[in-house]
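Engineer: Structure: entry.cif, mmCIF, C-alpha atoms.
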data_model
loop_
_atom_site.group_PDB
_atom_site.id
_atom_site.type_symbol
_atom_site.label_atom_id
_atom_site.label_comp_id
_atom_site.auth_asym_id
_atom_site.auth_seq_id
_atom_site.Cartn_x
_atom_site.Cartn_y
_atom_site.Cartn_z
ATOM 1 C CA MET A 1201 5.673 18.304 3.670
ATOM 2 C CA SER A 1202 2.435 18.229 1.722
ATOM 3 C CA ARG A 1203 4.376 18.285 -1.552
ATOM 4 C CA ALA A 1204 6.625 15.447 -0.394
ATOM 5 C CA LEU A 1205 3.594 13.327 0.512
ATOM 6 C CA ARG A 1206 2.014 14.003 -2.877
ATOM 7 C CA ALA A 1207 5.259 13.149 -4.643
ATOM 8 C CA LEU A 1208 5.378 9.901 -2.654
ATOM 9 C CA LEU A 1209 1.836 9.000 -3.776
ATOM 10 C CA LEU A 1210 2.620 9.905 -7.378
ATOM 11 C CA GLY A 1211 5.825 7.853 -7.421
ATOM 12 C CA LEU A 1212 4.118 4.913 -5.756
ATOM 13 C CA GLY A 1213 1.185 4.981 -8.158
ATOM 14 C CA LEU A 1214 3.300 5.198 -11.292
ATOM 15 C CA LEU A 1215 5.876 2.560 -10.345
ATOM 16 C CA PRO A 1216 4.229 -0.622 -11.753
ATOM 17 C CA TRP A 1217 3.099 1.294 -14.856
ATOM 18 C CA VAL A 1218 6.581 2.639 -15.542
ATOM 19 C CA LEU A 1219 7.993 -0.878 -15.160
ATOM 20 C CA GLY A 1220 5.374 -2.228 -17.572
ATOM 21 C CA LEU A 1221 5.649 0.528 -20.158
ATOM 22 C CA LEU A 1222 9.458 0.418 -20.173
ATOM 23 C CA ALA A 1223 9.318 -3.408 -20.341
ATOM 24 C CA LEU A 1224 11.495 -3.687 -17.229
ATOM 25 C CA ARG A 1225 10.799 -7.355 -16.584
ATOM 26 C CA HIS A 1226 13.861 -8.401 -14.646
ATOM 27 C CA PRO A 1227 12.921 -11.464 -12.566
ATOM 28 C CA ALA A 1228 13.999 -9.622 -9.416
ATOM 29 C CA TRP A 1229 11.393 -6.873 -10.043
ATOM 30 C CA VAL A 1230 8.713 -9.490 -10.683
ATOM 31 C CA ALA A 1231 9.717 -11.463 -7.589
ATOM 32 C CA ALA A 1232 9.731 -8.296 -5.460
ATOM 33 C CA PHE A 1233 6.143 -7.492 -6.491
ATOM 34 C CA ARG A 1234 5.109 -11.118 -5.901
ATOM 35 C CA GLY A 1235 5.008 -10.272 -2.209
ATOM 36 C CA LEU A 1236 2.437 -7.559 -2.932
ATOM 37 C CA CYS A 1237 0.159 -9.156 -5.521
ATOM 38 C CA HIS A 1238 -0.754 -12.662 -6.716
ATOM 39 C CA GLN A 1239 0.361 -11.756 -10.296
ATOM 40 C CA ARG A 1240 -1.890 -14.361 -11.956
ATOM 41 C CA PRO A 1241 -1.270 -13.802 -15.689
ATOM 42 C CA GLU A 1242 -4.955 -14.279 -16.646
ATOM 43 C CA ARG A 1243 -5.874 -11.531 -14.182
ATOM 44 C CA SER A 1244 -3.114 -9.157 -15.268
ATOM 45 C CA LEU A 1245 -2.897 -6.584 -18.024
ATOM 46 C CA TRP A 1246 -0.251 -7.248 -20.621
ATOM 47 C CA LEU A 1247 1.992 -4.376 -21.649
ATOM 48 C CA ARG A 1248 4.589 -4.698 -24.383
ATOM 49 C CA GLY A 1249 4.143 -8.438 -24.634
ATOM 50 C CA ALA A 1250 4.363 -9.344 -20.954
ATOM 51 C CA PRO A 1251 2.062 -9.285 -17.915
ATOM 52 C CA MET A 1252 2.451 -6.323 -15.566
ATOM 53 C CA VAL A 1253 4.112 -6.916 -12.197
ATOM 54 C CA VAL A 1254 0.710 -6.520 -10.513
ATOM 55 C CA CYS A 1255 -2.791 -7.745 -11.463
ATOM 56 C CA SER A 1256 -5.305 -5.509 -13.237
ATOM 57 C CA ARG A 1257 -7.126 -4.600 -9.994
ATOM 58 C CA CYS A 1258 -3.855 -3.546 -8.340
ATOM 59 C CA ALA A 1259 -2.800 -1.770 -11.553
ATOM 60 C CA GLY A 1260 -6.026 0.264 -11.350
ATOM 61 C CA LEU A 1261 -5.447 0.940 -7.673
ATOM 62 C CA TYR A 1262 -1.884 2.178 -8.276
ATOM 63 C CA LEU A 1263 -3.004 4.325 -11.208
ATOM 64 C CA GLY A 1264 -5.799 5.778 -9.078
ATOM 65 C CA VAL A 1265 -3.312 6.704 -6.355
ATOM 66 C CA ALA A 1266 -1.155 8.535 -8.906
ATOM 67 C CA LEU A 1267 -4.225 10.224 -10.387
ATOM 68 C CA GLY A 1268 -5.399 11.364 -6.949
ATOM 69 C CA ALA A 1269 -2.032 13.020 -6.298
ATOM 70 C CA LEU A 1270 -2.460 15.050 -9.500
ATOM 71 C CA LEU A 1271 -6.225 15.477 -9.510
ATOM 72 C CA PRO A 1272 -7.563 15.795 -5.952
ATOM 73 C CA LEU A 1273 -11.231 15.548 -5.031
ATOM 74 C CA PRO A 1274 -12.992 18.872 -5.673
ATOM 75 C CA SER A 1275 -12.962 20.915 -2.457
ATOM 76 C CA ARG A 1276 -16.766 20.902 -2.275
ATOM 77 C CA TRP A 1277 -16.621 17.086 -2.054
ATOM 78 C CA LEU A 1278 -14.194 17.147 0.846
ATOM 79 C CA ALA A 1279 -16.954 17.062 3.449
ATOM 80 C CA HIS A 1280 -18.208 13.833 1.848
ATOM 81 C CA GLY A 1281 -14.757 12.261 1.550
ATOM 82 C CA ARG A 1282 -15.438 9.529 4.116
ATOM 83 C CA SER A 1283 -18.730 8.548 2.484
ATOM 84 C CA LEU A 1284 -17.140 8.532 -0.971
ATOM 85 C CA LEU A 1285 -14.335 6.346 0.312
ATOM 86 C CA LEU A 1286 -16.742 3.862 1.900
ATOM 87 C CA TRP A 1287 -18.825 3.742 -1.300
ATOM 88 C CA ALA A 1288 -15.705 3.130 -3.389
ATOM 89 C CA LEU A 1289 -14.674 0.371 -0.984
ATOM 90 C CA LEU A 1290 -18.147 -1.180 -1.167
ATOM 91 C CA VAL A 1291 -18.209 -1.113 -4.979
ATOM 92 C CA THR A 1292 -14.757 -2.737 -5.082
ATOM 93 C CA ALA A 1293 -15.746 -5.385 -2.526
ATOM 94 C CA LEU A 1294 -18.927 -6.188 -4.493
ATOM 95 C CA GLU A 1295 -16.900 -6.579 -7.675
ATOM 96 C CA VAL A 1296 -14.485 -8.932 -5.882
ATOM 97 C CA LEU A 1297 -17.414 -10.963 -4.502
ATOM 98 C CA ALA A 1298 -19.218 -11.088 -7.867
ATOM 99 C CA GLN A 1299 -16.082 -12.301 -9.603
ATOM 100 C CA ASP A 1300 -14.941 -14.802 -6.983
ATOM 101 C CA SER A 1301 -18.431 -16.274 -6.522
ATOM 102 C CA GLY A 1302 -18.525 -16.977 -10.267
ATOM 103 C CA LEU A 1303 -21.201 -14.402 -11.204
ATOM 104 C CA HIS A 1304 -18.850 -13.159 -13.872
ATOM 105 C CA ALA A 1305 -15.466 -14.164 -15.201
ATOM 106 C CA PRO A 1306 -12.432 -12.013 -14.303
ATOM 107 C CA TRP A 1307 -12.911 -8.970 -16.506
ATOM 108 C CA HIS A 1308 -10.154 -6.388 -16.755
ATOM 109 C CA PRO A 1309 -12.359 -3.289 -17.235
ATOM 110 C CA SER A 1310 -14.368 -3.959 -14.044
ATOM 111 C CA ARG A 1311 -11.297 -5.058 -12.057
ATOM 112 C CA MET A 1312 -9.266 -2.072 -13.136
ATOM 113 C CA GLY A 1313 -12.178 0.374 -12.974
ATOM 114 C CA THR A 1314 -13.053 -0.432 -9.359
ATOM 115 C CA GLY A 1315 -9.370 -0.376 -8.351
ATOM 116 C CA LEU A 1316 -8.933 2.965 -10.084
ATOM 117 C CA LEU A 1317 -12.008 4.382 -8.355
ATOM 118 C CA LEU A 1318 -10.845 3.266 -4.899
ATOM 119 C CA GLY A 1319 -7.276 4.470 -5.455
ATOM 120 C CA TRP A 1320 -8.384 7.837 -6.810
ATOM 121 C CA VAL A 1321 -10.924 8.497 -4.050
ATOM 122 C CA ALA A 1322 -8.421 7.579 -1.284
ATOM 123 C CA SER A 1323 -5.497 9.485 -2.752
ATOM 124 C CA GLY A 1324 -7.615 12.381 -4.052
ATOM 125 C CA PHE A 1325 -9.235 12.720 -0.623
ATOM 126 C CA MET A 1326 -5.808 12.894 1.030
ATOM 127 C CA THR A 1327 -4.451 15.392 -1.493
ATOM 128 C CA ALA A 1328 -7.544 17.596 -1.246
ATOM 129 C CA SER A 1329 -7.366 17.494 2.539
ATOM 130 C CA LEU A 1330 -3.666 18.462 2.547
ATOM 131 C CA ARG A 1331 -4.381 21.310 0.139
ATOM 132 C CA ALA A 1332 -7.277 22.578 2.238
ATOM 133 C CA ARG A 1333 -5.080 22.539 5.338
ATOM 134 C CA GLU A 1334 -2.347 24.474 3.507
ATOM 135 C CA ALA A 1335 -4.879 27.103 2.504
ATOM 136 C CA LEU A 1336 -5.769 27.782 6.149
ATOM 137 C CA PRO A 1337 -4.153 30.890 7.701
ATOM 138 C CA PRO A 1338 -1.294 29.962 10.107
ATOM 139 C CA ALA A 1339 -2.430 29.567 13.730
ATOM 140 C CA MET B 1355 3.340 22.463 12.742
ATOM 141 C CA GLY B 1356 1.019 21.885 15.686
ATOM 142 C CA ASN B 1357 3.672 20.493 17.983
ATOM 143 C CA PRO B 1358 7.207 21.811 18.500
ATOM 144 C CA ALA B 1359 8.600 18.252 18.551
ATOM 145 C CA GLY B 1360 7.622 17.885 14.876
ATOM 146 C CA PRO B 1361 7.046 14.584 13.098
ATOM 147 C CA MET B 1362 9.773 12.884 15.159
ATOM 148 C CA ARG B 1363 7.341 12.709 18.064
ATOM 149 C CA PHE B 1364 5.610 9.864 16.194
ATOM 150 C CA LEU B 1365 8.799 7.855 15.919
ATOM 151 C CA LYS B 1366 8.352 5.487 18.878
ATOM 152 C CA THR B 1367 4.694 4.598 18.337
ATOM 153 C CA ALA B 1368 5.007 4.508 14.540
ATOM 154 C CA LEU B 1369 7.977 2.140 14.767
ATOM 155 C CA ILE B 1370 6.063 -0.171 17.118
ATOM 156 C CA GLY B 1371 3.173 -0.218 14.630
ATOM 157 C CA GLY B 1372 5.536 -0.774 11.723
ATOM 158 C CA ALA B 1373 7.274 -3.631 13.541
ATOM 159 C CA VAL B 1374 3.954 -5.382 14.207
ATOM 160 C CA GLY B 1375 2.836 -4.857 10.596
ATOM 161 C CA GLY B 1376 6.189 -6.077 9.266
ATOM 162 C CA VAL B 1377 6.165 -9.251 11.360
ATOM 163 C CA VAL B 1378 2.545 -10.045 10.429
ATOM 164 C CA ALA B 1379 3.322 -9.451 6.738
ATOM 165 C CA SER B 1380 6.321 -11.795 6.931
ATOM 166 C CA ILE B 1381 4.636 -14.817 8.522
ATOM 167 C CA PRO B 1382 3.978 -17.428 5.813
ATOM 168 C CA VAL B 1383 0.224 -17.745 5.016
ATOM 169 C CA LEU B 1384 -0.578 -14.554 6.975
ATOM 170 C CA ASN B 1385 1.535 -12.691 4.411
ATOM 171 C CA LEU B 1386 -1.167 -13.472 1.820
ATOM 172 C CA LEU B 1387 -3.156 -10.667 3.467
ATOM 173 C CA THR B 1388 -0.711 -8.274 1.806
ATOM 174 C CA CYS B 1389 -2.452 -9.029 -1.506
ATOM 175 C CA CYS B 1390 -5.597 -7.544 0.071
ATOM 176 C CA PHE B 1391 -4.716 -3.838 -0.133
ATOM 177 C CA CYS B 1392 -1.513 -4.212 1.925
ATOM 178 C CA LEU B 1393 -3.615 -5.091 4.985
ATOM 179 C CA PRO B 1394 -0.802 -5.976 7.459
ATOM 180 C CA ASN B 1395 0.911 -2.672 6.637
ATOM 181 C CA LEU B 1396 -2.326 -0.763 7.208
ATOM 182 C CA LEU B 1397 -2.846 -2.660 10.471
ATOM 183 C CA GLY B 1398 0.595 -1.505 11.665
ATOM 184 C CA VAL B 1399 -0.117 2.066 10.600
ATOM 185 C CA PHE B 1400 -3.431 2.056 12.471
ATOM 186 C CA LEU B 1401 -1.782 0.534 15.545
ATOM 187 C CA GLY B 1402 0.996 3.152 15.549
ATOM 188 C CA LEU B 1403 -1.459 6.029 15.323
ATOM 189 C CA SER B 1404 -3.727 4.541 17.993
ATOM 190 C CA LEU B 1405 -0.772 4.082 20.365
ATOM 191 C CA TYR B 1406 0.206 7.721 19.808
ATOM 192 C CA PHE B 1407 -3.290 8.920 20.668
ATOM 193 C CA ARG B 1408 -3.349 6.701 23.749
ATOM 194 C CA GLU B 1409 -0.052 8.227 24.920
ATOM 195 C CA ASN B 1410 -1.265 11.762 24.143
ATOM 196 C CA PRO B 1411 -4.950 11.776 25.030
ATOM 197 C CA GLU B 1412 -5.331 15.556 24.766
ATOM 198 C CA GLU B 1413 -3.528 16.140 21.488
ATOM 199 C CA ARG B 1414 -5.212 16.799 18.162
ATOM 200 C CA ILE B 1415 -3.129 16.491 15.002
ATOM 201 C CA PRO B 1416 -3.508 17.503 11.338
ATOM 202 C CA THR B 1417 -4.072 14.739 8.799
ATOM 203 C CA SER B 1418 -0.652 15.469 7.262
ATOM 204 C CA ASP B 1419 0.955 14.410 10.559
ATOM 205 C CA ALA B 1420 -1.124 11.222 10.557
ATOM 206 C CA ALA B 1421 0.185 10.529 7.042
ATOM 207 C CA ILE B 1422 3.760 11.069 8.261
ATOM 208 C CA SER B 1423 3.217 8.662 11.154
ATOM 209 C CA GLY B 1424 1.836 6.165 8.625
ATOM 210 C CA ALA B 1425 4.805 6.666 6.309
ATOM 211 C CA ILE B 1426 7.244 5.945 9.176
ATOM 212 C CA SER B 1427 5.322 2.768 10.104
ATOM 213 C CA GLY B 1428 5.156 1.706 6.469
ATOM 214 C CA LEU B 1429 8.851 2.323 5.935
ATOM 215 C CA LEU B 1430 9.836 0.052 8.827
ATOM 216 C CA CYS B 1431 7.222 -2.494 7.776
ATOM 217 C CA GLY B 1432 8.776 -2.576 4.297
ATOM 218 C CA VAL B 1433 12.301 -3.035 5.658
ATOM 219 C CA LEU B 1434 11.146 -5.879 7.918
ATOM 220 C CA VAL B 1435 9.160 -7.615 5.160
ATOM 221 C CA ALA B 1436 12.205 -7.532 2.878
ATOM 222 C CA VAL B 1437 14.735 -8.655 5.504
ATOM 223 C CA LEU B 1438 12.549 -11.320 7.153
ATOM 224 C CA GLY B 1439 11.396 -12.551 3.737
ATOM 225 C CA LEU B 1440 15.005 -12.926 2.634
ATOM 226 C CA ILE B 1441 15.928 -14.800 5.829
ATOM 227 C CA ILE B 1442 12.917 -17.145 5.464
ATOM 228 C CA ASN B 1443 13.877 -17.734 1.820
ATOM 229 C CA VAL B 1444 17.480 -18.586 2.683
ATOM 230 C CA VAL B 1445 16.466 -20.841 5.594
ATOM 231 C CA LEU B 1446 13.825 -22.680 3.518
ATOM 232 C CA GLY B 1447 16.253 -23.019 0.607
ATOM 233 C CA GLY B 1448 18.932 -24.482 2.875
ATOM 234 C CA LEU B 1449 16.400 -26.831 4.449
ATOM 235 C CA MET B 1450 15.253 -28.114 1.068
ATOM 236 C CA ALA B 1451 18.828 -28.598 -0.099
ATOM 237 C CA THR B 1452 19.594 -30.731 2.958
ATOM 238 C CA LEU B 1453 16.331 -32.708 2.845
ATOM 239 C CA PHE B 1454 16.407 -33.551 -0.834
ATOM 240 C CA ASN B 1455 19.437 -34.785 -2.708
ATOM 241 C CA HIS B 1456 18.147 -33.438 -5.963
ATOM 242 C CA VAL B 1457 16.248 -30.122 -6.064
ATOM 243 C CA PRO B 1458 14.558 -29.735 -9.479
ATOM 244 C CA PRO B 1459 16.241 -26.997 -11.542
ATOM 245 C CA GLU B 1460 12.910 -25.129 -11.985
ATOM 246 C CA LEU B 1461 12.443 -24.983 -8.229
ATOM 247 C CA ARG B 1462 16.073 -23.944 -7.760
ATOM 248 C CA ARG B 1463 15.601 -21.152 -10.317
ATOM 249 C CA ALA B 1464 12.367 -20.005 -8.665
ATOM 250 C CA MET B 1465 14.084 -19.918 -5.275
ATOM 251 C CA ALA B 1466 17.025 -17.958 -6.679
ATOM 252 C CA GLN B 1467 14.640 -15.446 -8.287
ATOM 253 C CA SER B 1468 12.721 -15.170 -5.059
ATOM 254 C CA ALA B 1469 15.945 -14.485 -3.148
ATOM 255 C CA ALA B 1470 16.964 -11.883 -5.756
ATOM 256 C CA GLY B 1471 13.520 -10.309 -5.354
ATOM 257 C CA GLY B 1472 14.120 -10.232 -1.603
ATOM 258 C CA VAL B 1473 17.408 -8.363 -2.031
ATOM 259 C CA PHE B 1474 15.714 -5.980 -4.443
ATOM 260 C CA GLY B 1475 12.857 -5.609 -1.971
ATOM 261 C CA ILE B 1476 15.234 -4.129 0.617
ATOM 262 C CA PHE B 1477 15.526 -1.097 -1.674
ATOM 263 C CA ILE B 1478 11.986 -0.780 -3.028
ATOM 264 C CA TYR B 1479 9.735 -2.111 -0.231
ATOM 265 C CA PRO B 1480 10.430 0.811 2.142
ATOM 266 C CA PHE B 1481 9.273 3.158 -0.642
ATOM 267 C CA ILE B 1482 6.192 1.113 -1.580
ATOM 268 C CA TYR B 1483 5.154 0.306 1.982
ATOM 269 C CA GLY B 1484 5.974 3.873 3.056
ATOM 270 C CA GLY B 1485 3.682 5.254 0.342
ATOM 271 C CA TRP B 1486 0.816 2.945 1.256
ATOM 272 C CA GLY B 1487 1.540 3.718 4.904
ATOM 273 C CA ALA B 1488 1.186 7.473 4.334
ATOM 274 C CA LEU B 1489 -2.156 6.916 2.632
ATOM 275 C CA GLY B 1490 -3.149 4.475 5.389
ATOM 276 C CA GLY B 1491 -2.234 6.983 8.099
ATOM 277 C CA PHE B 1492 -4.438 9.607 6.521
ATOM 278 C CA LEU B 1493 -7.326 7.153 6.083
ATOM 279 C CA ALA B 1494 -6.959 5.788 9.636
ATOM 280 C CA MET B 1495 -7.248 9.356 10.904
ATOM 281 C CA GLU B 1496 -10.293 10.111 8.778
ATOM 282 C CA LEU B 1497 -12.091 6.832 9.460
ATOM 283 C CA PHE B 1498 -11.197 5.974 13.050
ATOM 284 C CA HIS B 1499 -9.794 9.060 14.774
ATOM 285 C CA LYS B 1500 -11.781 11.877 13.204
ATOM 286 C CA ASP B 1501 -12.453 13.404 16.628
ATOM 287 C CA ARG B 1502 -8.684 13.919 17.058
ATOM 288 C CA LYS B 1503 -8.276 15.840 13.803
ATOM 289 C CA LEU B 1504 -6.888 19.339 13.957
ATOM 290 C CA GLY B 1505 -8.273 21.849 11.486
#
Before anything else, please render the file you have as C-alpha cells.

Structural biologist:
Amino acid sequence: MSRALRALLLGLGLLPWVLGLLALRHPAWVAAFRGLCHQRPERSLWLRGAPMVVCSRCAGLYLGVALGALLPLPSRWLAHGRSLLLWALLVTALEVLAQDSGLHAPWHPSRMGTGLLLGWVASGFMTASLRAREALPPA
Amino acid sequence: MGNPAGPMRFLKTALIGGAVGGVVASIPVLNLLTCCFCLPNLLGVFLGLSLYFRENPEERIPTSDAAISGAISGLLCGVLVAVLGLIINVVLGGLMATLFNHVPPELRRAMAQSAAGGVFGIFIYPFIYGGWGALGGFLAMELFHKDRKLG
C-alpha cells in the first residue's frame, strides 16, 4: 500500500510538468486545470512556447510532491516533520503576503521555490513516515 | 494492517467527508478556495478522518491508513467537483442562451471549452483530488490527530 501511495504522489506531482514538457495544450486539459489554479499567464512558467496548466507556485508545489515521493525527508528529521511542515507553510504564506501586498512583483523563483519547499516537505514527510512504518517489525 | 476490516472500514466516514468537500468545491465563489492548496478537498479529508475517530474513540491507526481514508475522500470529492461543475456549466449555458438572443462567439467558445474540461475532469479529477486527499489525510493525522497515531 505504501508503494501505491508513493506512486500516486509521484504521478500527481509530475502531471502538470508532463503536460507542459510534451506541449499537451488541448483546451480541455487547460479548462480542467482551471478549476484547480487561476492560471494567470504572467504568474505561470512557460514551457515550449505556452504557459503551463498551473501557475508557477502550483508548479513548484506539484514538483515538490513528486520530489518528496522519490526523495523522502531523512529519517533523523522525521521527529521534526511537523515543525518543518509548519515552517514551510509559514515561509510560503509570507511569500504570498509579500507579493500580494505589493512588496515585490510576482517573481517566479520565489513563487516556485516556496511551492517546491512546501510540496517536498509535505510529501517527503509522508514518504519517510510510510518507510519508517514499513521498517517496523510486524506486530 | 491494524484492523481486520482493512481500509474499507473508512468508507462511510471518508465518503461523507468527500461529499462535503465536493459540494463546497462546486459552489460558485466558494470553489475559488480550491486555488488555495485544494482547501475544500482537504476540509473533506479532515472531516472524514475526524468522523471516523469520533465513531471509533478507542482506535489508533497508522498514518498510511489515514492517507487511504484521505484518498477515498479525495476521490469522491473529485468525482463530485467534475459532475457538479459540468451540470452547473450546462445549466448556466442554457440560461444564457435563453436570456440573450446573441451570445458572443468568444463566450460561446469559452463555455464549450469549459464544458469539455468538465467532461475531461470526470477522468482526471478523481486522480488529482485523490492524490491531494492522500497527502491531506496524512497531514491531518500528523497535525490534528497525532494522539491517535499507531506506531

Engineer: Care to translate the PyMOL selection byres ((chain A) within 9 of (chain B)) into actual residues of this file, as number ranges by chain?

Structural biologist: A: 1201-1202, 1205, 1208-1209, 1211-1213, 1215, 1227-1238, 1258, 1261, 1281-1282, 1322-1323, 1325-1326, 1329-1330, 1333, 1336, 1339

Engineer: Between atom CA of Leu1263 of chain A and atom CA of Glu1295 of chain A, what is the distance in Å, rounded to a tenth?

Structural biologist: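 Separation between atom CA of Leu1263 of chain A and atom CA of Glu1295 of chain A: 18.0 Å.
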
Engineer: What is the distance, in Å and to one decimal place, between atom CA of Arg1243 of chain A and atom CA of Ala1305 of chain A?

Structural biologist: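 Atom-to-atom, atom CA of Arg1243 of chain A to atom CA of Ala1305 of chain A, that is 10.0 Å.
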
Engineer: Could you tell me which residues the PyMOL selection byres ((chain A and resi 1219) around 12) returns for this structure, as a list in words?

Structural biologist: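 Output of the PyMOL selection byres ((chain A and resi 1219) around 12): Gly1211, Leu1212, Gly1213, Leu1214, Leu1215, Pro1216, Trp1217, Val1218, Gly1220, Leu1221, Leu1222, Ala1223, Leu1224, Arg1225, His1226, Pro1227, Trp1229, Val1230, Phe1233, Trp1246, Leu1247, Arg1248, Ala1250, Pro1251, Met1252, Val1253, Val1254 and Ala1259 of chain A.
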
Engineer: Include C-alpha atoms and write out the residues we just selected as a PDB file, in the frame of the given file.

Structural biologist:
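And here is the file that came out, again24.pdb:
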ATOM      1  CA  GLY A1211       5.825   7.853  -7.421  1.00  0.00           C
ATOM      2  CA  LEU A1212       4.118   4.913  -5.756  1.00  0.00           C
ATOM      3  CA  GLY A1213       1.185   4.981  -8.158  1.00  0.00           C
ATOM      4  CA  LEU A1214       3.300   5.198 -11.292  1.00  0.00           C
ATOM      5  CA  LEU A1215       5.876   2.560 -10.345  1.00  0.00           C
ATOM      6  CA  PRO A1216       4.229  -0.622 -11.753  1.00  0.00           C
ATOM      7  CA  TRP A1217       3.099   1.294 -14.856  1.00  0.00           C
ATOM      8  CA  VAL A1218       6.581   2.639 -15.542  1.00  0.00           C
ATOM      9  CA  GLY A1220       5.374  -2.228 -17.572  1.00  0.00           C
ATOM     10  CA  LEU A1221       5.649   0.528 -20.158  1.00  0.00           C
ATOM     11  CA  LEU A1222       9.458   0.418 -20.173  1.00  0.00           C
ATOM     12  CA  ALA A1223       9.318  -3.408 -20.341  1.00  0.00           C
ATOM     13  CA  LEU A1224      11.495  -3.687 -17.229  1.00  0.00           C
ATOM     14  CA  ARG A1225      10.799  -7.355 -16.584  1.00  0.00           C
ATOM     15  CA  HIS A1226      13.861  -8.401 -14.646  1.00  0.00           C
ATOM     16  CA  PRO A1227      12.921 -11.464 -12.566  1.00  0.00           C
ATOM     17  CA  TRP A1229      11.393  -6.873 -10.043  1.00  0.00           C
ATOM     18  CA  VAL A1230       8.713  -9.490 -10.683  1.00  0.00           C
ATOM     19  CA  PHE A1233       6.143  -7.492  -6.491  1.00  0.00           C
ATOM     20  CA  TRP A1246      -0.251  -7.248 -20.621  1.00  0.00           C
ATOM     21  CA  LEU A1247       1.992  -4.376 -21.649  1.00  0.00           C
ATOM     22  CA  ARG A1248       4.589  -4.698 -24.383  1.00  0.00           C
ATOM     23  CA  ALA A1250       4.363  -9.344 -20.954  1.00  0.00           C
ATOM     24  CA  PRO A1251       2.062  -9.285 -17.915  1.00  0.00           C
ATOM     25  CA  MET A1252       2.451  -6.323 -15.566  1.00  0.00           C
ATOM     26  CA  VAL A1253       4.112  -6.916 -12.197  1.00  0.00           C
ATOM     27  CA  VAL A1254       0.710  -6.520 -10.513  1.00  0.00           C
ATOM     28  CA  ALA A1259      -2.800  -1.770 -11.553  1.00  0.00           C
TER      29      ALA A1259
END

Engineer: What is the atom CA of Arg1311 of chain A to atom CA of Pro1241 of chain A distance in Å?

Structural biologist: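 That distance, rounded to one decimal, is 13.8 Å.
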
Engineer: B:Ile1381, B:Met1450, B:Ile1370, B:Leu1461: which is nearest Ser1427 of chain B, counting only C-alpha atoms?

Structural biologist: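 For Ser1427 of chain B, the nearest of the given residues is B:Ile1370.
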
Engineer: Which residues are near Val1296 of chain A? Cut-off 12 Å, only C-alpha atoms, ignore same chain within fewer than 4 positions. Put them as a compact mmCIF listing (two decimals) with C-alpha atoms, keeping the file's coordinate frame.

Structural biologist:
# COMPACT_ATOMS: atom_id res chain seq x y z
CA ARG A 1257 -7.13 -4.60 -9.99
CA LEU A 1289 -14.67 0.37 -0.98
CA LEU A 1290 -18.15 -1.18 -1.17
CA VAL A 1291 -18.21 -1.11 -4.98
CA THR A 1292 -14.76 -2.74 -5.08
CA ASP A 1300 -14.94 -14.80 -6.98
CA SER A 1301 -18.43 -16.27 -6.52
CA GLY A 1302 -18.52 -16.98 -10.27
CA LEU A 1303 -21.20 -14.40 -11.20
CA HIS A 1304 -18.85 -13.16 -13.87
CA ALA A 1305 -15.47 -14.16 -15.20
CA PRO A 1306 -12.43 -12.01 -14.30
CA TRP A 1307 -12.91 -8.97 -16.51
CA HIS A 1308 -10.15 -6.39 -16.76
CA SER A 1310 -14.37 -3.96 -14.04
CA ARG A 1311 -11.30 -5.06 -12.06
CA MET A 1312 -9.27 -2.07 -13.14
CA GLY A 1313 -12.18 0.37 -12.97
CA THR A 1314 -13.05 -0.43 -9.36
CA GLY A 1315 -9.37 -0.38 -8.35
CA CYS B 1390 -5.60 -7.54 0.07

Engineer: Edge lengths and centre in Å to one decimal, as JSON, is what I'm after for the box along x, y and z that holds all listed atoms of segment 1444-1459 of chain B once 4 Å is added on each side.

Structural biologist:
{"center_x": 16.7, "center_y": -26.7, "center_z": -3.0, "size_x": 13.8, "size_y": 24.2, "size_z": 25.1}

Engineer: So that I can check the surroundings of Pro1272 of chain A, please list as an MDAnalysis selection string every protein, DNA and RNA residue that reaches within 7 Å of it, counting only C-alpha atoms and ignoring chain neighbours fewer than 3 positions away.

Structural biologist: chainID A and resid 1268:1269 1324:1325 1327:1328

Engineer: With distances taken over all atoms listed in the file, which residue among B:Leu1403, B:Ile1442, B:Leu1434, B:Ile1415 lies nearest Lys1503 of chain B?

Structural biologist: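 Ranked by minimum distance to Lys1503 of chain B, first place goes to B:Ile1415.
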
Engineer: For Cys1431 of chain B, work out the shell of residues within 9 Å, counting all atoms listed in the file and skipping chain neighbours fewer than 5 positions away, then give it as a PyMOL selection string.

Structural biologist: chain B and resi 1369+1371-1377+1379+1394-1395+1398+1426+1436+1479-1480+1483-1484+1487
